[in-house]
file my_file28.csv (CSV, C-alpha atoms and all ligand atoms)
chain,number,residue,atom,x,y,z
O,1,MET,CA,-15.0,-0.8,-5.8
O,2,GLU,CA,-12.2,1.8,-5.9
O,3,GLU,CA,-9.6,-0.9,-5.8
O,4,LEU,CA,-11.3,-2.7,-8.7
O,5,LYS,CA,-11.3,0.5,-10.8
O,6,ARG,CA,-7.6,1.0,-10.0
O,7,ALA,CA,-6.8,-2.6,-10.9
O,8,ALA,CA,-8.5,-2.1,-14.4
O,9,ALA,CA,-6.6,1.1,-14.9
O,10,GLU,CA,-3.2,-0.5,-13.9
O,11,GLU,CA,-3.8,-3.3,-16.4
O,12,ALA,CA,-4.4,-0.8,-19.2
O,13,LEU,CA,-1.3,1.1,-18.2
O,14,ARG,CA,0.7,-2.0,-19.3
O,15,GLU,CA,-0.2,-1.1,-22.9
O,16,VAL,CA,1.4,2.3,-22.7
O,17,ARG,CA,4.8,2.6,-24.5
O,18,ASP,CA,7.4,5.4,-24.6
O,19,GLY,CA,6.6,8.0,-27.3
O,20,MET,CA,2.9,7.3,-27.5
O,21,LEU,CA,0.2,9.8,-28.3
O,22,LEU,CA,-2.6,9.0,-25.8
O,23,GLY,CA,-6.2,9.9,-25.3
O,24,LEU,CA,-7.2,10.4,-21.7
O,25,GLY,CA,-10.7,9.5,-20.7
O,26,THR,CA,-13.0,11.0,-18.1
O,27,GLY,CA,-14.7,9.7,-14.9
O,28,SER,CA,-13.7,7.9,-11.7
O,29,THR,CA,-12.0,4.9,-13.5
O,30,ALA,CA,-10.2,7.0,-16.1
O,31,ARG,CA,-8.9,9.1,-13.2
O,32,TYR,CA,-6.9,6.1,-11.9
O,33,PHE,CA,-5.4,5.6,-15.3
O,34,ILE,CA,-4.3,9.3,-15.4
O,35,GLU,CA,-2.9,9.1,-11.9
O,36,GLY,CA,-0.9,5.9,-12.9
O,37,LEU,CA,0.3,7.6,-16.1
O,38,GLY,CA,1.5,10.6,-14.0
O,39,ARG,CA,3.5,8.1,-11.9
O,40,LEU,CA,5.1,6.6,-15.0
O,41,VAL,CA,5.9,10.0,-16.4
O,42,GLY,CA,7.5,10.9,-13.1
O,43,GLU,CA,9.7,7.8,-13.6
O,44,GLY,CA,10.8,9.0,-17.1
O,45,LEU,CA,8.1,7.8,-19.5
O,46,ARG,CA,7.6,10.3,-22.4
O,47,VAL,CA,4.1,10.5,-23.8
O,48,THR,CA,1.9,13.3,-25.2
O,49,SER,CA,-1.8,13.3,-24.4
O,50,VAL,CA,-5.2,14.7,-25.4
O,51,ALA,CA,-7.7,15.1,-22.6
O,52,THR,CA,-11.5,14.5,-23.0
O,53,SER,CA,-12.6,17.0,-20.4
O,54,ARG,CA,-11.4,20.0,-18.4
O,55,ALA,CA,-11.3,17.8,-15.3
O,56,SER,CA,-9.0,15.2,-16.9
O,57,ALA,CA,-6.8,18.0,-18.4
O,58,ASP,CA,-6.5,19.7,-15.0
O,59,LEU,CA,-5.5,16.4,-13.3
O,60,ALA,CA,-3.1,15.4,-16.1
O,61,ARG,CA,-1.4,18.9,-16.0
O,62,SER,CA,-1.1,18.7,-12.2
O,63,LEU,CA,0.8,15.4,-12.7
O,64,GLY,CA,3.2,16.8,-15.3
O,65,ILE,CA,1.7,15.0,-18.3
O,66,THR,CA,2.2,16.9,-21.5
O,67,LEU,CA,-1.1,17.9,-23.1
O,68,VAL,CA,-2.0,19.0,-26.7
O,69,GLU,CA,-5.3,20.0,-28.3
O,70,ASP,CA,-4.3,20.3,-32.0
O,71,ILE,CA,-2.4,17.5,-33.7
O,72,ASP,CA,-2.4,16.1,-37.2
O,73,ALA,CA,-1.6,12.5,-36.4
O,74,PRO,CA,-3.8,9.6,-35.2
O,75,LEU,CA,-3.6,8.9,-31.5
O,76,ASP,CA,-2.0,5.5,-30.6
O,77,LEU,CA,-4.3,4.6,-27.8
O,78,THR,CA,-7.3,6.0,-25.8
O,79,VAL,CA,-8.1,4.6,-22.4
O,80,ASP,CA,-11.6,5.6,-21.0
O,81,GLY,CA,-14.4,4.3,-18.8
O,82,ALA,CA,-17.9,3.4,-19.8
O,83,ASP,CA,-21.4,3.3,-18.3
O,84,GLU,CA,-22.5,0.1,-20.1
O,85,ILE,CA,-20.6,-2.5,-22.2
O,86,ASP,CA,-22.4,-5.1,-24.3
O,87,PRO,CA,-20.9,-8.4,-25.5
O,88,GLY,CA,-19.8,-6.8,-28.8
O,89,LEU,CA,-17.9,-4.0,-26.9
O,90,ASN,CA,-20.5,-1.4,-27.9
O,91,LEU,CA,-20.7,1.2,-25.2
O,92,VAL,CA,-23.0,3.7,-23.5
O,93,LYS,CA,-20.9,6.6,-22.3
O,94,GLY,CA,-21.5,10.1,-20.9
O,95,LEU,CA,-22.8,9.9,-17.4
O,96,GLY,CA,-19.9,12.1,-16.6
O,97,GLY,CA,-21.0,14.6,-19.3
O,98,ALA,CA,-17.9,14.4,-21.5
O,99,LEU,CA,-19.3,12.2,-24.2
O,100,LEU,CA,-18.7,14.6,-27.1
O,101,ARG,CA,-15.0,15.1,-26.5
O,102,GLU,CA,-14.7,11.4,-25.6
O,103,LYS,CA,-16.1,10.4,-28.9
O,104,VAL,CA,-13.9,12.8,-30.9
O,105,VAL,CA,-10.8,11.5,-29.1
O,106,ALA,CA,-11.7,7.8,-29.4
O,107,GLY,CA,-12.6,8.3,-33.1
O,108,ALA,CA,-9.1,9.8,-33.7
O,109,SER,CA,-7.4,6.8,-32.1
O,110,ARG,CA,-6.1,3.6,-33.5
O,111,ALA,CA,-7.1,1.7,-30.4
O,112,MET,CA,-9.5,2.3,-27.5
O,113,ILE,CA,-9.3,0.3,-24.3
O,114,VAL,CA,-12.3,0.5,-22.0
O,115,ILE,CA,-11.6,0.2,-18.3
O,116,ALA,CA,-14.5,-0.7,-16.0
O,117,THR,CA,-15.8,-2.7,-13.1
O,118,GLU,CA,-17.7,-5.8,-14.2
O,119,ASP,CA,-21.1,-4.4,-13.1
O,120,LYS,CA,-20.9,-2.3,-16.3
O,121,LEU,CA,-21.4,-5.5,-18.4
O,122,VAL,CA,-24.9,-5.8,-19.9
O,123,ASP,CA,-26.5,-8.1,-22.4
O,124,HIS,CA,-28.2,-5.2,-24.2
O,125,LEU,CA,-27.3,-1.5,-24.0
O,126,GLY,CA,-30.2,0.6,-22.5
O,127,ARG,CA,-30.2,-0.6,-18.8
O,128,GLY,CA,-29.6,3.1,-17.9
O,129,PRO,CA,-30.1,6.4,-19.7
O,130,LEU,CA,-28.4,7.3,-23.0
O,131,PRO,CA,-26.8,10.8,-22.6
O,132,VAL,CA,-27.5,13.1,-25.6
O,133,GLU,CA,-25.7,16.4,-25.8
O,134,VAL,CA,-27.9,19.1,-27.4
O,135,LEU,CA,-27.3,22.8,-28.4
O,136,PRO,CA,-29.1,25.1,-25.9
O,137,LEU,CA,-30.7,26.9,-28.8
O,138,LEU,CA,-34.3,25.5,-29.3
O,139,TRP,CA,-33.4,22.5,-27.1
O,140,ARG,CA,-37.0,21.9,-26.3
O,141,ARG,CA,-37.7,21.3,-30.0
O,142,THR,CA,-34.7,19.0,-30.1
O,143,ARG,CA,-36.2,17.2,-27.1
O,144,ALA,CA,-39.4,16.8,-29.0
O,145,THR,CA,-37.6,15.1,-31.9
O,146,LEU,CA,-36.0,12.7,-29.5
O,147,VAL,CA,-39.4,11.7,-28.3
O,148,ASP,CA,-40.5,11.2,-31.9
O,149,ILE,CA,-37.8,8.6,-32.3
O,150,GLY,CA,-38.9,6.7,-29.3
O,151,LEU,CA,-36.7,8.1,-26.5
O,152,GLU,CA,-37.8,9.4,-23.1
O,153,PRO,CA,-35.5,12.4,-22.5
O,154,THR,CA,-34.9,14.1,-19.1
O,155,LEU,CA,-32.9,17.3,-18.9
O,156,ARG,CA,-29.8,16.7,-16.7
O,157,GLU,CA,-29.5,19.0,-13.7
O,158,ALA,CA,-26.7,19.7,-11.3
O,159,ASP,CA,-27.2,21.7,-8.1
O,160,GLY,CA,-30.8,22.6,-9.1
O,161,ALA,CA,-29.8,24.1,-12.5
O,162,PRO,CA,-29.4,22.6,-16.0
O,163,PHE,CA,-26.0,20.8,-16.3
O,164,VAL,CA,-23.8,22.5,-18.8
O,165,SER,CA,-21.1,20.5,-20.6
O,166,ASP,CA,-17.5,21.6,-21.2
O,167,ASN,CA,-18.8,22.6,-24.7
O,168,GLY,CA,-21.5,24.9,-23.3
O,169,ASN,CA,-24.3,22.4,-24.2
O,170,LEU,CA,-27.1,20.7,-22.4
O,171,ILE,CA,-27.5,17.0,-21.8
O,172,LEU,CA,-30.7,15.0,-22.2
O,173,ASP,CA,-30.6,11.6,-20.5
O,174,CYS,CA,-32.7,9.4,-22.7
O,175,ARG,CA,-34.3,6.2,-21.6
O,176,PHE,CA,-35.1,3.6,-24.3
O,177,ARG,CA,-36.4,0.1,-24.3
O,178,PRO,CA,-33.8,-2.6,-25.2
O,179,PRO,CA,-33.2,-4.4,-27.3
O,180,ARG,CA,-33.2,-1.8,-30.0
O,181,ASP,CA,-31.6,-1.4,-33.4
O,182,LEU,CA,-28.5,0.5,-32.2
O,183,PRO,CA,-26.9,1.4,-35.6
O,184,ARG,CA,-30.3,2.8,-36.6
O,185,LEU,CA,-30.7,4.7,-33.3
O,186,ALA,CA,-27.2,6.2,-33.7
O,187,ALA,CA,-27.9,7.2,-37.3
O,188,ASP,CA,-31.2,8.9,-36.3
O,189,LEU,CA,-29.4,10.8,-33.5
O,190,ASP,CA,-26.5,11.8,-35.8
O,191,SER,CA,-29.0,13.2,-38.3
O,192,LEU,CA,-30.7,15.6,-35.9
O,193,PRO,CA,-29.2,19.2,-36.2
O,194,GLY,CA,-29.7,20.1,-32.6
O,195,VAL,CA,-27.8,17.0,-31.4
O,196,MET,CA,-24.2,17.7,-30.8
O,197,GLY,CA,-23.3,14.2,-29.7
O,198,HIS,CA,-24.6,11.1,-28.1
O,199,GLY,CA,-23.2,8.4,-25.8
O,200,LEU,CA,-23.6,5.4,-28.1
O,201,PHE,CA,-20.1,4.3,-29.0
O,202,LEU,CA,-20.6,1.5,-31.5
O,203,GLY,CA,-17.6,-0.4,-32.8
O,204,MET,CA,-15.2,2.0,-31.3
O,205,ALA,CA,-13.7,0.0,-28.4
O,206,THR,CA,-11.0,-2.4,-29.5
O,207,SER,CA,-10.8,-4.1,-26.1
O,208,ALA,CA,-12.0,-3.9,-22.5
O,209,VAL,CA,-10.3,-4.5,-19.2
O,210,VAL,CA,-13.0,-5.5,-16.7
O,211,ALA,CA,-12.3,-5.9,-12.9
O,212,GLY,CA,-14.4,-7.9,-10.5
O,213,PRO,CA,-13.9,-9.7,-7.2
O,214,ALA,CA,-12.5,-12.7,-9.0
O,215,GLY,CA,-9.8,-10.7,-10.8
O,216,VAL,CA,-9.2,-8.6,-13.9
O,217,ARG,CA,-10.4,-9.9,-17.3
O,218,ARG,CA,-9.6,-8.8,-20.9
O,219,LEU,CA,-12.4,-8.8,-23.4
O,220,GLY,CA,-11.9,-8.6,-27.1
O,221,PRO,CA,-8.5,-8.9,-28.9
O,222,ALA,CA,-5.5,-8.8,-26.6
M,301,LIG,C1,-17.8,10.4,-18.8
M,301,LIG,O1,-18.5,11.3,-19.6
M,301,LIG,C2,-18.2,9.0,-19.0
M,301,LIG,O2,-18.3,8.6,-20.3
M,301,LIG,C3,-17.4,8.0,-18.2
M,301,LIG,O3,-16.4,7.5,-18.9
M,301,LIG,C4,-18.3,7.0,-17.7
M,301,LIG,O4,-19.4,7.7,-17.1
M,301,LIG,C5,-17.7,6.1,-16.7
M,301,LIG,O5,-17.4,6.7,-15.5
M,301,LIG,P1,-16.9,6.0,-14.2
M,301,LIG,O6,-15.6,5.4,-14.5
M,301,LIG,O7,-16.9,7.1,-13.2
M,301,LIG,O8,-18.0,5.0,-13.9

call {"tool": "encode", "arguments": {"input": "my_file28.csv", "output": "structure tokens", "more": "lines below"}}
Ligand code: A5P
result
Amino acid sequence: MEELKRAAAEEALREVRDGMLLGLGTGSTARYFIEGLGRLVGEGLRVTSVATSRASADLARSLGITLVEDIDAPLDLTVDGADEIDPGLNLVKGLGGALLREKVVAGASRAMIVIATEDKLVDHLGRGPLPVEVLPLLWRRTRATLVDIGLEPTLREADGAPFVSDNGNLILDCRFRPPRDLPRLAADLDSLPGVMGHGLFLGMATSAVVAGPAGVRRLGPA
């Protein structure tokens, strides 16, 4: 499995060009991309990057990759993992807890390549939970509104305590029954004041690199 993740990451690295402004994803697959980028930077590649989590920022910094947090130009390319990928390249993201920053960075990018193993491919999003990041203030009321729109939320925990995101928020992992009207669900979530972000990435990925035992495949435009 680790070799497949690395293979997907290495394929995406072929898209990186000197001088690019890059978005760095989060998770075990994105980690291979960052490590590979560090290797290329060591060989002389010049890029500037925006990280989607503290963990990815720490890794990138340790590898000598230049990081920025405040820029006024679109990013050329973001490379990130995903938890689910449907045939239209819509995604569920956020099992790593970085969904809010991941969406901001992907949304600021001209292109987003998803890197994943082929077990992430689904016919309909919703095989697993949809992570929803909520403000801690009155989070139980926000949870109730999520139930009202047909979700089954569970508070994410880590080491027996509520999981806290890099942004100081809580995560509710929400089950729902597919197939579902995803644009409508995304719009409903976007309209809730206590919801800071959610892991539905609709129409954001421009291509995917998917690795399986038979090899690495590209989905979407080359
Ligand atoms: C992080 O918040 C997530 O969106 C990850 O990109 C996603 O969970 C995929 O992670 P893996 O590459 O570890 O499966």

call {"tool": "residues_around", "arguments": {"input": "my_file28.csv", "residues": "Leu91 in chain O", "least_positions_apart": "4", "cutoff": "7 Å", "atoms": "only C-alpha atoms", "output": "PyMOL selection string"}}
result
chain O and resi 82+84-86+200-202

call {"tool": "atom_distance", "arguments": {"input": "my_file28.csv", "atom1": "atom O8 of ligand LIG 301 (chain M)", "atom2": "CA of Pro178 in chain O"}}
result
20.9 Å

call {"tool": "residues_around", "arguments": {"input": "my_file28.csv", "residues": "Ser56 in chain O", "least_positions_apart": "4", "cutoff": "9 Å", "atoms": "all atoms listed in the file", "output": "list in words"}}
result
Leu24, Gly25, Thr26, Gly27, Ala30, Arg31, Ile34, Ala51, Thr52, Ala60 and Arg61 of chain O

call {"tool": "atom_distance", "arguments": {"input": "my_file28.csv", "atom1": "CA of Val41 in chain O", "atom2": "CA of Val104 in chain O"}}
result
24.7 Å

call {"tool": "residues_near_ligand", "arguments": {"input": "my_file28.csv", "ligand": "ligand LIG 301 (chain M)", "cutoff": "8 Å", "atoms": "all atoms listed in the file", "output": "list in words"}}
result
Lys5, Gly25, Thr26, Gly27, Ser28, Thr29, Ala30, Arg31, Asp80, Gly81, Ala82, Asp83, Val92, Lys93, Gly94, Leu95, Gly96, Gly97, Ala98, Leu99, Glu102, Ile115, Ala116 and Gly199 of chain O

call {"tool": "atom_distance", "arguments": {"input": "my_file28.csv", "atom1": "CA of Asp148 in chain O", "atom2": "CA of Leu100 in chain O"}}
result
22.6 Å

call {"tool": "closest_residue", "arguments": {"input": "my_file28.csv", "among": "O:Arg46, O:Arg39, O:Arg6, O:Arg156", "to": "Gly19 in chain O", "atoms": "all atoms listed in the file"}}
result
O:Arg46

call {"tool": "closest_residue", "arguments": {"input": "my_file28.csv", "among": "O:Thr117, O:Thr48, O:Thr145, O:Asn90", "to": "Ala8 in chain O", "atoms": "all atoms listed in the file"}}
result
O:Thr117

call {"tool": "residues_around", "arguments": {"input": "my_file28.csv", "residues": "Thr206 in chain O", "least_positions_apart": "6", "cutoff": "9 Å", "atoms": "all atoms listed in the file", "output": "PDB file with C-alpha atoms, in the coordinates of the input"}}
result
ATOM      1  CA  LEU O  89     -17.900  -4.000 -26.900  1.00  0.00           C
ATOM      2  CA  ARG O 110      -6.100   3.600 -33.500  1.00  0.00           C
ATOM      3  CA  ALA O 111      -7.100   1.700 -30.400  1.00  0.00           C
ATOM      4  CA  MET O 112      -9.500   2.300 -27.500  1.00  0.00           C
ATOM      5  CA  ILE O 113      -9.300   0.300 -24.300  1.00  0.00           C
ATOM      6  CA  VAL O 114     -12.300   0.500 -22.000  1.00  0.00           C
ATOM      7  CA  LEU O 219     -12.400  -8.800 -23.400  1.00  0.00           C
ATOM      8  CA  GLY O 220     -11.900  -8.600 -27.100  1.00  0.00           C
ATOM      9  CA  PRO O 221      -8.500  -8.900 -28.900  1.00  0.00           C
ATOM     10  CA  ALA O 222      -5.500  -8.800 -26.600  1.00  0.00           C
TER      11      ALA O 222
END

call {"tool": "residues_around", "arguments": {"input": "my_file28.csv", "residues": "range 129-138 of chain O", "least_positions_apart": "5", "cutoff": "6 Å", "atoms": "only C-alpha atoms", "output": "PDB file with C-alpha atoms, keeping the file's coordinate frame"}}
result
ATOM      1  CA  GLY O  94     -21.500  10.100 -20.900  1.00  0.00           C
ATOM      2  CA  ASN O 169     -24.300  22.400 -24.200  1.00  0.00           C
ATOM      3  CA  LEU O 170     -27.100  20.700 -22.400  1.00  0.00           C
ATOM      4  CA  ILE O 171     -27.500  17.000 -21.800  1.00  0.00           C
ATOM      5  CA  LEU O 172     -30.700  15.000 -22.200  1.00  0.00           C
ATOM      6  CA  ASP O 173     -30.600  11.600 -20.500  1.00  0.00           C
ATOM      7  CA  CYS O 174     -32.700   9.400 -22.700  1.00  0.00           C
ATOM      8  CA  ARG O 175     -34.300   6.200 -21.600  1.00  0.00           C
ATOM      9  CA  GLY O 194     -29.700  20.100 -32.600  1.00  0.00           C
ATOM     10  CA  VAL O 195     -27.800  17.000 -31.400  1.00  0.00           C
ATOM     11  CA  MET O 196     -24.200  17.700 -30.800  1.00  0.00           C
ATOM     12  CA  GLY O 197     -23.300  14.200 -29.700  1.00  0.00           C
ATOM     13  CA  HIS O 198     -24.600  11.100 -28.100  1.00  0.00           C
ATOM     14  CA  GLY O 199     -23.200   8.400 -25.800  1.00  0.00           C
TER      15      GLY O 199
END

call {"tool": "residues_around", "arguments": {"input": "my_file28.csv", "residues": "Val105 in chain O", "least_positions_apart": "2", "cutoff": "8 Å", "atoms": "only C-alpha atoms", "output": "list in words"}}
result
Gly23, Val50, Thr52, Thr78, Arg101, Glu102, Lys103, Gly107, Ala108 and Ser109 of chain O

call {"tool": "closest_residue", "arguments": {"input": "my_file28.csv", "among": "O:Ala186, O:Leu121, O:Val147, O:Val47", "to": "Leu77 in chain O", "atoms": "only C-alpha atoms"}}
result
O:Val47

call {"tool": "closest_residue", "arguments": {"input": "my_file28.csv", "among": "O:Val122, O:Pro87, O:Ser207, O:Gly64", "to": "Gly42 in chain O", "atoms": "all atoms listed in the file"}}
result
O:Gly64

call {"tool": "closest_residue", "arguments": {"input": "my_file28.csv", "among": "O:Asp70, O:Asp76, O:Arg217, O:Ser191", "to": "Met20 in chain O", "atoms": "only C-alpha atoms"}}
result
O:Asp76

call {"tool": "build_atoms", "arguments": {"input": "my_file28.csv", "residues": "range 208-219 of chain O", "atoms": "all heavy atoms", "output": "PDB file, keeping the file's coordinate frame"}}
result
ATOM      1  N   ALA O 208     -11.509  -4.372 -23.841  1.00  0.00           N
ATOM      2  CA  ALA O 208     -12.000  -3.900 -22.500  1.00  0.00           C
ATOM      3  C   ALA O 208     -11.182  -4.602 -21.444  1.00  0.00           C
ATOM      4  O   ALA O 208     -10.806  -5.772 -21.605  1.00  0.00           O
ATOM      5  CB  ALA O 208     -13.460  -4.126 -22.366  1.00  0.00           C
ATOM      6  N   VAL O 209     -10.929  -3.895 -20.371  1.00  0.00           N
ATOM      7  CA  VAL O 209     -10.300  -4.500 -19.200  1.00  0.00           C
ATOM      8  C   VAL O 209     -11.369  -4.333 -18.077  1.00  0.00           C
ATOM      9  O   VAL O 209     -11.740  -3.216 -17.714  1.00  0.00           O
ATOM     10  CB  VAL O 209      -9.022  -3.782 -18.783  1.00  0.00           C
ATOM     11  CG1 VAL O 209      -8.477  -4.379 -17.499  1.00  0.00           C
ATOM     12  CG2 VAL O 209      -7.996  -3.884 -19.903  1.00  0.00           C
ATOM     13  N   VAL O 210     -11.863  -5.473 -17.588  1.00  0.00           N
ATOM     14  CA  VAL O 210     -13.000  -5.500 -16.700  1.00  0.00           C
ATOM     15  C   VAL O 210     -12.556  -6.103 -15.350  1.00  0.00           C
ATOM     16  O   VAL O 210     -12.046  -7.226 -15.345  1.00  0.00           O
ATOM     17  CB  VAL O 210     -14.171  -6.234 -17.284  1.00  0.00           C
ATOM     18  CG1 VAL O 210     -15.343  -6.260 -16.332  1.00  0.00           C
ATOM     19  CG2 VAL O 210     -14.575  -5.591 -18.613  1.00  0.00           C
ATOM     20  N   ALA O 211     -12.772  -5.390 -14.254  1.00  0.00           N
ATOM     21  CA  ALA O 211     -12.300  -5.900 -12.900  1.00  0.00           C
ATOM     22  C   ALA O 211     -13.511  -6.287 -12.090  1.00  0.00           C
ATOM     23  O   ALA O 211     -14.523  -5.588 -12.027  1.00  0.00           O
ATOM     24  CB  ALA O 211     -11.504  -4.798 -12.238  1.00  0.00           C
ATOM     25  N   GLY O 212     -13.382  -7.434 -11.438  1.00  0.00           N
ATOM     26  CA  GLY O 212     -14.400  -7.900 -10.500  1.00  0.00           C
ATOM     27  C   GLY O 212     -13.705  -8.587  -9.338  1.00  0.00           C
ATOM     28  O   GLY O 212     -12.471  -8.704  -9.329  1.00  0.00           O
ATOM     29  N   PRO O 213     -14.491  -9.056  -8.375  1.00  0.00           N
ATOM     30  CA  PRO O 213     -13.900  -9.700  -7.200  1.00  0.00           C
ATOM     31  C   PRO O 213     -12.998 -10.871  -7.537  1.00  0.00           C
ATOM     32  O   PRO O 213     -12.034 -11.151  -6.833  1.00  0.00           O
ATOM     33  CB  PRO O 213     -15.116 -10.141  -6.381  1.00  0.00           C
ATOM     34  CG  PRO O 213     -16.246  -9.303  -6.881  1.00  0.00           C
ATOM     35  CD  PRO O 213     -15.955  -8.963  -8.305  1.00  0.00           C
ATOM     36  N   ALA O 214     -13.291 -11.555  -8.674  1.00  0.00           N
ATOM     37  CA  ALA O 214     -12.500 -12.700  -9.000  1.00  0.00           C
ATOM     38  C   ALA O 214     -11.206 -12.349  -9.791  1.00  0.00           C
ATOM     39  O   ALA O 214     -10.379 -13.213 -10.095  1.00  0.00           O
ATOM     40  CB  ALA O 214     -13.307 -13.691  -9.884  1.00  0.00           C
ATOM     41  N   GLY O 215     -11.047 -11.075 -10.129  1.00  0.00           N
ATOM     42  CA  GLY O 215      -9.800 -10.700 -10.800  1.00  0.00           C
ATOM     43  C   GLY O 215     -10.122  -9.752 -12.001  1.00  0.00           C
ATOM     44  O   GLY O 215     -11.251  -9.308 -12.209  1.00  0.00           O
ATOM     45  N   VAL O 216      -9.065  -9.506 -12.786  1.00  0.00           N
ATOM     46  CA  VAL O 216      -9.200  -8.600 -13.900  1.00  0.00           C
ATOM     47  C   VAL O 216      -9.213  -9.462 -15.210  1.00  0.00           C
ATOM     48  O   VAL O 216      -8.387 -10.364 -15.380  1.00  0.00           O
ATOM     49  CB  VAL O 216      -7.948  -7.662 -13.984  1.00  0.00           C
ATOM     50  CG1 VAL O 216      -7.980  -6.796 -15.226  1.00  0.00           C
ATOM     51  CG2 VAL O 216      -7.918  -6.795 -12.737  1.00  0.00           C
ATOM     52  N   ARG O 217     -10.199  -9.169 -16.075  1.00  0.00           N
ATOM     53  CA  ARG O 217     -10.400  -9.900 -17.300  1.00  0.00           C
ATOM     54  C   ARG O 217     -10.198  -8.979 -18.502  1.00  0.00           C
ATOM     55  O   ARG O 217     -10.589  -7.821 -18.439  1.00  0.00           O
ATOM     56  CB  ARG O 217     -11.792 -10.473 -17.422  1.00  0.00           C
ATOM     57  CG  ARG O 217     -12.047 -11.694 -16.624  1.00  0.00           C
ATOM     58  CD  ARG O 217     -13.447 -12.214 -16.944  1.00  0.00           C
ATOM     59  NE  ARG O 217     -14.494 -11.383 -16.372  1.00  0.00           N
ATOM     60  CZ  ARG O 217     -15.728 -11.288 -16.870  1.00  0.00           C
ATOM     61  NH1 ARG O 217     -16.040 -11.915 -17.991  1.00  0.00           N
ATOM     62  NH2 ARG O 217     -16.642 -10.534 -16.278  1.00  0.00           N
ATOM     63  N   ARG O 218      -9.671  -9.534 -19.607  1.00  0.00           N
ATOM     64  CA  ARG O 218      -9.600  -8.800 -20.900  1.00  0.00           C
ATOM     65  C   ARG O 218     -10.649  -9.308 -21.808  1.00  0.00           C
ATOM     66  O   ARG O 218     -10.767 -10.506 -21.987  1.00  0.00           O
ATOM     67  CB  ARG O 218      -8.230  -8.924 -21.484  1.00  0.00           C
ATOM     68  CG  ARG O 218      -7.218  -8.055 -20.822  1.00  0.00           C
ATOM     69  CD  ARG O 218      -5.979  -8.005 -21.689  1.00  0.00           C
ATOM     70  NE  ARG O 218      -5.140  -6.946 -21.167  1.00  0.00           N
ATOM     71  CZ  ARG O 218      -4.760  -5.898 -21.877  1.00  0.00           C
ATOM     72  NH1 ARG O 218      -5.127  -5.762 -23.125  1.00  0.00           N
ATOM     73  NH2 ARG O 218      -4.003  -4.977 -21.346  1.00  0.00           N
ATOM     74  N   LEU O 219     -11.402  -8.420 -22.411  1.00  0.00           N
ATOM     75  CA  LEU O 219     -12.400  -8.800 -23.400  1.00  0.00           C
ATOM     76  C   LEU O 219     -11.997  -8.235 -24.737  1.00  0.00           C
ATOM     77  O   LEU O 219     -11.481  -7.123 -24.816  1.00  0.00           O
ATOM     78  CB  LEU O 219     -13.785  -8.232 -22.995  1.00  0.00           C
ATOM     79  CG  LEU O 219     -14.271  -8.520 -21.576  1.00  0.00           C
ATOM     80  CD1 LEU O 219     -15.610  -7.844 -21.332  1.00  0.00           C
ATOM     81  CD2 LEU O 219     -14.389 -10.018 -21.352  1.00  0.00           C
TER      82      LEU O 219
END
